[in-house]
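J.: Contents are TSV, C-alpha atoms; file name target-v1.tsv:
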chain	number	residue	atom	x	y	z
S	1	MET	CA	-7.08	-14.67	18.58
S	2	THR	CA	-10.84	-14.54	17.98
S	3	ILE	CA	-12.25	-11.77	15.84
S	4	GLN	CA	-14.58	-9.47	17.77
S	5	VAL	CA	-16.17	-7.67	14.83
S	6	SER	CA	-18.24	-8.69	11.82
S	7	ILE	CA	-16.28	-8.31	8.58
S	8	ALA	CA	-18.24	-8.36	5.30
S	9	ALA	CA	-15.29	-7.46	3.01
S	10	VAL	CA	-11.55	-6.83	3.18
S	11	VAL	CA	-9.90	-3.87	1.47
S	12	PHE	CA	-6.13	-4.17	0.99
S	13	ASP	CA	-3.49	-1.60	0.36
S	14	LEU	CA	-1.21	-2.88	-2.40
S	15	ASP	CA	2.44	-1.83	-2.02
S	16	GLY	CA	3.97	-3.12	1.20
S	17	VAL	CA	0.87	-5.15	2.12
S	18	LEU	CA	0.22	-7.58	-0.73
S	19	ILE	CA	3.25	-6.87	-2.90
S	20	ASP	CA	6.77	-6.68	-1.49
S	21	SER	CA	7.57	-3.62	-3.56
S	22	GLU	CA	8.78	-1.13	-0.96
S	23	ARG	CA	12.13	-2.91	-0.61
S	24	ILE	CA	12.53	-2.66	-4.38
S	25	TYR	CA	11.72	1.05	-4.28
S	26	VAL	CA	14.27	1.60	-1.50
S	27	ARG	CA	16.99	-0.04	-3.60
S	28	ALA	CA	16.01	1.99	-6.65
S	29	TRP	CA	15.83	5.20	-4.59
S	30	HIS	CA	19.33	4.64	-3.21
S	31	GLN	CA	20.72	3.83	-6.65
S	32	VAL	CA	19.24	6.97	-8.16
S	33	ALA	CA	20.38	9.15	-5.26
S	34	ASP	CA	23.92	7.92	-5.89
S	35	GLU	CA	23.72	8.22	-9.71
S	36	LEU	CA	22.36	11.77	-9.56
S	37	ASP	CA	24.55	12.82	-6.63
S	38	CYS	CA	21.53	13.73	-4.50
S	39	PRO	CA	22.40	12.30	-1.06
S	40	ALA	CA	19.55	14.19	0.63
S	41	LEU	CA	17.12	11.85	-1.14
S	42	VAL	CA	18.21	8.87	0.97
S	43	PRO	CA	16.81	9.95	4.37
S	44	ALA	CA	13.79	11.50	2.64
S	45	TYR	CA	12.48	8.08	1.61
S	46	VAL	CA	10.78	7.52	4.96
S	47	ASP	CA	8.67	10.62	4.28
S	48	VAL	CA	7.22	9.31	1.02
S	49	VAL	CA	6.19	5.76	1.90
S	50	GLY	CA	2.46	5.31	1.42
S	51	LEU	CA	1.86	8.69	-0.21
S	52	PRO	CA	0.48	9.18	-3.74
S	53	TYR	CA	2.85	10.66	-6.31
S	54	ASP	CA	1.25	14.10	-6.29
S	55	GLN	CA	2.27	14.41	-2.63
S	56	ILE	CA	5.65	12.73	-3.13
S	57	GLU	CA	6.76	15.06	-5.94
S	58	PRO	CA	7.37	18.18	-3.80
S	59	ILE	CA	9.36	16.10	-1.30
S	60	ILE	CA	11.55	14.77	-4.11
S	61	HIS	CA	11.97	18.22	-5.61
S	62	ALA	CA	13.07	19.67	-2.28
S	63	ASN	CA	15.82	17.05	-1.98
S	64	LEU	CA	17.27	17.19	-5.50
S	65	ASN	CA	20.41	19.18	-6.09
S	66	ASP	CA	20.21	22.22	-8.34
S	67	ARG	CA	21.58	20.35	-11.35
S	68	VAL	CA	18.88	17.66	-11.43
S	69	SER	CA	15.34	18.18	-12.75
S	70	MET	CA	12.22	16.24	-11.78
S	71	ALA	CA	12.15	14.82	-15.30
S	72	GLU	CA	15.66	13.45	-14.89
S	73	PHE	CA	14.77	11.94	-11.53
S	74	GLN	CA	11.62	10.35	-12.94
S	75	THR	CA	13.50	8.83	-15.87
S	76	ALA	CA	16.18	7.47	-13.55
S	77	ILE	CA	13.81	6.02	-10.97
S	78	ASN	CA	11.59	4.41	-13.61
S	79	GLY	CA	14.62	2.79	-15.20
S	80	ALA	CA	15.91	1.51	-11.87
S	81	VAL	CA	12.55	0.02	-10.90
S	82	ARG	CA	12.14	-1.63	-14.32
S	83	ALA	CA	15.56	-3.26	-13.98
S	84	LEU	CA	14.81	-4.51	-10.47
S	85	THR	CA	11.40	-5.90	-11.48
S	86	LYS	CA	12.34	-7.46	-14.82
S	87	ASP	CA	11.27	-10.83	-13.39
S	88	GLY	CA	8.12	-9.41	-11.81
S	89	TYR	CA	7.14	-8.15	-8.37
S	90	PRO	CA	7.37	-10.49	-5.35
S	91	LEU	CA	4.39	-11.09	-3.09
S	92	LYS	CA	4.38	-10.55	0.65
S	93	THR	CA	4.28	-13.59	2.93
S	94	GLY	CA	0.74	-14.92	3.19
S	95	ALA	CA	-0.73	-12.85	0.36
S	96	VAL	CA	-2.10	-15.76	-1.66
S	97	GLU	CA	-3.11	-17.66	1.45
S	98	ILE	CA	-5.27	-14.87	2.88
S	99	LEU	CA	-6.81	-14.06	-0.50
S	100	GLN	CA	-7.68	-17.71	-1.08
S	101	TYR	CA	-9.09	-17.98	2.44
S	102	LEU	CA	-11.35	-14.99	1.85
S	103	ARG	CA	-12.49	-16.42	-1.49
S	104	ASP	CA	-13.25	-19.77	0.15
S	105	GLN	CA	-15.28	-17.97	2.82
S	106	GLY	CA	-17.18	-15.96	0.22
S	107	THR	CA	-15.78	-12.70	1.58
S	108	PRO	CA	-15.11	-10.17	-1.19
S	109	SER	CA	-11.70	-8.49	-1.46
S	110	ALA	CA	-10.82	-5.09	-2.92
S	111	VAL	CA	-7.74	-2.91	-3.33
S	112	ALA	CA	-7.39	0.74	-2.27
S	113	THR	CA	-4.00	2.05	-3.35
S	114	SER	CA	-1.97	5.25	-3.74
S	115	SER	CA	-0.51	3.82	-6.95
S	116	THR	CA	-1.93	4.53	-10.39
S	117	THR	CA	-0.48	3.35	-13.70
S	118	SER	CA	1.64	0.56	-12.17
S	119	VAL	CA	-1.33	-1.23	-10.62
S	120	PRO	CA	-2.40	-3.45	-13.56
S	121	ARG	CA	1.12	-4.79	-14.05
S	122	LYS	CA	1.57	-5.49	-10.35
S	123	LEU	CA	-1.70	-7.41	-10.13
S	124	GLN	CA	-1.13	-9.33	-13.36
S	125	ASP	CA	2.56	-10.14	-12.77
S	126	THR	CA	1.83	-11.54	-9.32
S	127	GLY	CA	-1.25	-13.49	-10.42
S	128	ILE	CA	-3.55	-12.01	-7.76
S	129	GLU	CA	-5.75	-9.90	-10.05
S	130	GLU	CA	-8.47	-12.56	-10.07
S	131	TYR	CA	-9.08	-12.25	-6.33
S	132	PHE	CA	-10.42	-8.69	-6.39
S	133	CYS	CA	-13.90	-7.54	-7.27
S	134	HIS	CA	-12.85	-3.86	-7.15
S	135	VAL	CA	-9.59	-1.90	-7.43
S	136	VAL	CA	-9.53	1.79	-6.48
S	137	THR	CA	-6.45	3.82	-7.43
S	138	ARG	CA	-5.31	7.33	-6.51
S	139	ASP	CA	-6.38	8.85	-9.84
S	140	GLU	CA	-9.99	7.77	-9.30
S	141	VAL	CA	-10.58	9.91	-6.20
S	142	ALA	CA	-10.28	13.57	-5.25
S	143	MET	CA	-7.71	13.17	-2.48
S	144	GLY	CA	-5.03	10.55	-1.87
S	145	LYS	CA	-3.93	9.02	1.41
S	146	PRO	CA	-3.85	10.06	4.25
S	147	HIS	CA	-7.34	11.22	3.23
S	148	PRO	CA	-9.91	8.40	3.33
S	149	ASP	CA	-11.22	8.79	-0.23
S	150	VAL	CA	-9.87	5.52	-1.68
S	151	TYR	CA	-11.30	3.52	1.21
S	152	LEU	CA	-14.67	5.24	1.07
S	153	ALA	CA	-14.79	4.62	-2.70
S	154	ALA	CA	-13.97	0.95	-2.16
S	155	ALA	CA	-16.75	0.56	0.41
S	156	LYS	CA	-19.21	2.27	-1.93
S	157	ARG	CA	-18.31	-0.07	-4.80
S	158	LEU	CA	-18.68	-3.05	-2.47
S	159	GLY	CA	-22.13	-1.78	-1.50
S	160	LEU	CA	-21.18	-1.78	2.18
S	161	ALA	CA	-20.82	0.69	5.00
S	162	PRO	CA	-17.16	1.37	5.83
S	163	SER	CA	-17.72	-0.12	9.31
S	164	GLN	CA	-18.46	-3.48	7.65
S	165	CYS	CA	-15.05	-3.54	5.93
S	166	LEU	CA	-11.58	-4.40	7.17
S	167	ALA	CA	-8.77	-2.18	5.82
S	168	VAL	CA	-5.27	-3.67	5.76
S	169	GLU	CA	-2.41	-1.18	5.81
S	170	ASP	CA	1.35	-0.89	6.41
S	171	SER	CA	2.20	2.82	6.18
S	172	GLU	CA	1.38	5.85	8.30
S	173	PRO	CA	-0.57	7.68	5.53
S	174	GLY	CA	-2.45	4.47	4.81
S	175	LEU	CA	-3.35	3.87	8.44
S	176	ARG	CA	-4.56	7.45	8.80
S	177	ALA	CA	-6.70	7.06	5.68
S	178	ALA	CA	-8.17	3.77	6.87
S	179	LEU	CA	-8.90	5.04	10.37
S	180	SER	CA	-10.52	8.19	8.98
S	181	SER	CA	-12.76	6.09	6.73
S	182	GLY	CA	-14.40	4.36	9.69
S	183	MET	CA	-13.29	0.88	8.65
S	184	VAL	CA	-12.01	-1.78	10.99
S	185	VAL	CA	-8.22	-1.42	10.62
S	186	ALA	CA	-5.43	-4.00	10.59
S	187	HIS	CA	-1.80	-2.94	10.63
S	188	VAL	CA	0.65	-5.33	8.97
S	189	PRO	CA	4.09	-3.70	9.32
S	190	ASP	CA	6.49	-3.44	6.40
S	191	ILE	CA	9.75	-1.47	6.20
S	192	ILE	CA	8.87	1.65	8.21
S	193	ASP	CA	8.29	1.64	11.96
S	194	ILE	CA	5.01	3.30	12.94
S	195	GLY	CA	4.53	4.92	16.34
S	196	ALA	CA	2.36	3.30	18.99
S	197	ASP	CA	0.18	6.40	19.11
S	198	LEU	CA	-1.13	5.41	15.67
S	199	THR	CA	-0.89	1.61	15.73
S	200	GLY	CA	-2.64	1.66	19.11
S	201	ARG	CA	-5.74	2.98	17.36
S	202	CYS	CA	-5.86	-0.05	15.05
S	203	ASP	CA	-8.15	-2.99	15.79
S	204	VAL	CA	-5.36	-5.50	15.28
S	205	VAL	CA	-1.63	-5.52	14.54
S	206	CYS	CA	-0.31	-8.67	12.85
S	207	PRO	CA	3.28	-9.53	11.86
S	208	ASP	CA	2.18	-10.82	8.45
S	209	LEU	CA	-0.85	-11.77	6.38
S	210	LEU	CA	-0.82	-15.35	7.63
S	211	ALA	CA	-1.37	-14.06	11.15
S	212	LEU	CA	-4.14	-11.79	9.89
S	213	ARG	CA	-5.80	-14.76	8.19
S	214	ASP	CA	-5.71	-16.60	11.51
S	215	TRP	CA	-7.22	-13.56	13.25
S	216	LEU	CA	-10.08	-13.61	10.76
S	217	GLN	CA	-10.87	-17.26	11.36
S	218	PRO	CA	-13.85	-17.88	13.65
The structure in this file should be written as structure tokens.
T.:
Amino acid sequence: MTIQVSIAAVVFDLDGVLIDSERIYVRAWHQVADELDCPALVPAYVDVVGLPYDQIEPIIHANLNDRVSMAEFQTAINGAVRALTKDGYPLKTGAVEILQYLRDQGTPSAVATSSTTSVPRKLQDTGIEEYFCHVVTRDEVAMGKPHPDVYLAAAKRLGLAPSQCLAVEDSEPGLRAALSSGMVVAHVPDIIDIGADLTGRCDVVCPDLLALRDWLQP
């Protein structure tokens, strides 16, 4: 497929796009739901994917049983994730290849993520930190996804108009944020199915980052 727009920079979401972390979080979420005897947490996971923690917290709280506090949940989930990532976080298919392609083309890359304190470890553990000229996290902007703030901040740091940037997203909140920012939007699906009413508004939908790299090639 030939690209029909001019892309001056690419702004990636992190979890579920570059790093295959959502599957880890699902396993941890299920483990904790079982340990804490909070079965309502299991179906609630689909409602939190792509959201920043300040928006996730009330969803978690609403699905805990009366005997479990948010502090207990946080301790349990942090411990479960640490155990599952003791050997580091895995990368998504094509992550290094597309980042290296963009570097070879002289196209800058940035990150716009709902994550906060976990971001440095994820970038360092996976060895992709060197590819990014800017990283924007949830705590650096007024509003998290699905608001466009992280994408607008990334464009500003890149010194570009949003329309000159390609945003790469997997989740519904992320896609809404990217579309609202005015960027060109690529959807690369991860673990949650997104409705055609939203994906149909994207400029391209690719099965993985290798396919997106091919779409970017002239």
J.: List every residue of stretch 111-189 of chain S that has an atom at most 9 Å from any atom of stretch 8-25 of chain S, and for each one report the closest atom pair and its distance in Å to one decimal, counting all atoms listed in the file, with rows sorted by chain and then by increasing residue number, as a Markdown table.
T.:
| residue | atom | partner | partner_atom | distance |
| --- | --- | --- | --- | --- |
| S:Val111 | CA | S:Phe12 | CA | 4.8 |
| S:Ala112 | CA | S:Asp13 | CA | 5.3 |
| S:Thr113 | CA | S:Asp13 | CA | 5.2 |
| S:Ser114 | CA | S:Asp13 | CA | 8.1 |
| S:Ser115 | CA | S:Asp15 | CA | 8.1 |
| S:Val119 | CA | S:Leu14 | CA | 8.4 |
| S:Lys122 | CA | S:Ile19 | CA | 7.8 |
| S:Leu123 | CA | S:Ile19 | CA | 8.8 |
| S:Thr126 | CA | S:Ile19 | CA | 8.1 |
| S:Tyr151 | CA | S:Val11 | CA | 7.5 |
| S:Ala154 | CA | S:Val11 | CA | 7.3 |
| S:Ala155 | CA | S:Val11 | CA | 8.2 |
| S:Leu158 | CA | S:Ala9 | CA | 7.8 |
| S:Leu160 | CA | S:Ala8 | CA | 7.9 |
| S:Gln164 | CA | S:Ala8 | CA | 5.4 |
| S:Cys165 | CA | S:Ala9 | CA | 4.9 |
| S:Leu166 | CA | S:Val10 | CA | 4.7 |
| S:Ala167 | CA | S:Val11 | CA | 4.8 |
| S:Val168 | CA | S:Phe12 | CA | 4.9 |
| S:Glu169 | CA | S:Asp13 | CA | 5.6 |
| S:Asp170 | CA | S:Val17 | CA | 6.1 |
| S:Ser171 | CA | S:Gly16 | CA | 8.0 |
| S:Gly174 | CA | S:Asp13 | CA | 7.6 |
| S:Val188 | CA | S:Val17 | CA | 6.9 |
| S:Pro189 | CA | S:Val17 | CA | 8.0 |
J.: Find the residue from S:Ala186, S:Gln217, S:Val135, S:Val46 that sits nearest to S:Asp104; use all atoms listed in the file when measuring.
T.: S:Gln217
J.: Between S:Ser180, S:Thr137, S:Thr199, S:Ser118, which is the closest to S:Asn78 once you count all atoms listed in the file?
T.: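 Going through S:Ser180, S:Thr137, S:Thr199, S:Ser118 one by one, the smallest distance to S:Asn78 is for S:Ser118.
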J.: Could you check the closest approach to S:Thr117 for each of S:Tyr45, S:Trp29, S:Trp215, S:Tyr53 and tell me which residue wins, using all atoms listed in the file?
T.: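 Among the listed residues, the smallest separation from S:Thr117 belongs to S:Tyr53.
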J.: From the set S:Leu216, S:Ile59, S:Gly88, S:Ile191, which residue has the shortest atom-to-atom contact distance to S:Asp203, counting only C-alpha atoms?
T.: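 Going through S:Leu216, S:Ile59, S:Gly88, S:Ile191 one by one, the smallest distance to S:Asp203 is for S:Leu216.
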J.: Can you list, as a PyMOL selection string, every protein, DNA or RNA residue that comes within 10 Å of S:Pro43 when you count only C-alpha atoms, leaving out same-chain residues fewer than 4 positions away?
T.: chain S and resi 30+39+47+63
J.: Could you check how far atom CA of S:Ala80 sits from atom CA of S:Ala28, in Å to one decimal?
T.: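 A separation of 5.2 Å between them.
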